[in-house]
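Taking it in order: structure first as structure tokens, then the write-up.
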Amino acid sequence: MKSHLEKIMDFITQQNIAVTGVSSRQPDAANHIFNKFRTGNYNVFAVNPGAAEVENVKSFPNISAIGRKIDGVVIASPPSSAQSIVEECLRMGIRRIWFHSSVNQGSLDFDAADFAEKNGIEVIRTGCPLMYIKPVDFPHKCIKWILNLSGKVPKK
């Protein structure tokens with residue numbers, strides 16, 4: 001079984017990433033994550049069932065609509081949508097999911113995460129990709145330090 005850090009390093013070395021919850025109205029965590037992957041030269045896809053376009057690019061109503069192999073999904077949408085996203089990932093053969101969170105529960109739905117793991121999907125239950133994709137900005141270095149100190153993100 002991989003450690004928390006090994007799961008993260010595996011996730012961020014993938015190329016085709018979908019980010020759910022990217023907003024067309026106001027930038028939020030999902031938008032920042034989407035843009036970090038985009039500027040990091042990943043093939044990143046925004047998923048928002050209520051928007052045709054976000055961050056000046058096409059948005060997809062679900063992961064299946066992307067029409068490409070997806071290596072990992074960052075769930076940064078409300079926890080109430082997590083189960084259906086996990087089920088879609090399972091149907092599509094996606095083996096990596098990261099539930100975005102920082103100082104709160106964020107997008108994590110415990111039942112959905114358990115379901116994913118029971119079905120062979122590698123799950124990251126806490127933290128934010130912005131804490132790990134280089135270059136890491138100062139605020140995310142601080143958040144990572146605080147979360148590590150508080151025990152909310154495993155050190156390994």
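So you can find residues: chains in the structure tokens are A, B, ... in the order shown, residues in each start at 1, and ligands are numbered from 1 in order.
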ask   = DSSP on the backbone: what in region 28-95 of chain A comes out alpha helix (DSSP H), as a PyMOL selection string?
value = chain A and resi 29-39+82-92
inquiry  = Please extract the residues of chain A with a backbone DSSP assignment of strand (DSSP E or B) and present them as a ChimeraX atom specification.
reply    = /A:16-20,43-47,53-54,57-60,72-75,96-99,122-124
task = Work out how far apart CA of Phe110 (chain A) and CA of Cys128 (chain A) are and give it in Å to one decimal.
result = 16.8 Å
Skip Ile121 (chain A) itself and residues of its chain fewer than 2 positions away, then list as a PDB file with C-alpha atoms, in the first residue's frame all residues within 8 Å of it, counting only C-alpha atoms.
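That gives us selection-v9.pdb:
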```
ATOM      1  CA  LEU A  90     -15.064   3.580 -11.656  1.00  0.00           C
ATOM      2  CA  ILE A  94      -9.934   6.022 -13.637  1.00  0.00           C
ATOM      3  CA  ARG A  95      -7.683   4.801 -10.822  1.00  0.00           C
ATOM      4  CA  ARG A  96      -6.765   8.062  -9.016  1.00  0.00           C
ATOM      5  CA  ILE A  97      -8.999  10.520  -7.138  1.00  0.00           C
ATOM      6  CA  ALA A 116     -13.684   4.218  -4.268  1.00  0.00           C
ATOM      7  CA  GLU A 117     -11.012   2.447  -2.226  1.00  0.00           C
ATOM      8  CA  LYS A 118     -13.072  -0.748  -1.971  1.00  0.00           C
ATOM      9  CA  ASN A 119     -13.253  -0.724  -5.756  1.00  0.00           C
ATOM     10  CA  VAL A 123      -7.766   7.952  -3.007  1.00  0.00           C
TER      11      VAL A 123
END
```
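Atom pair CA of Ile70 (chain A) / CA of Val44 (chain A) has a distance of 9.1 Å (rounded to one decimal).
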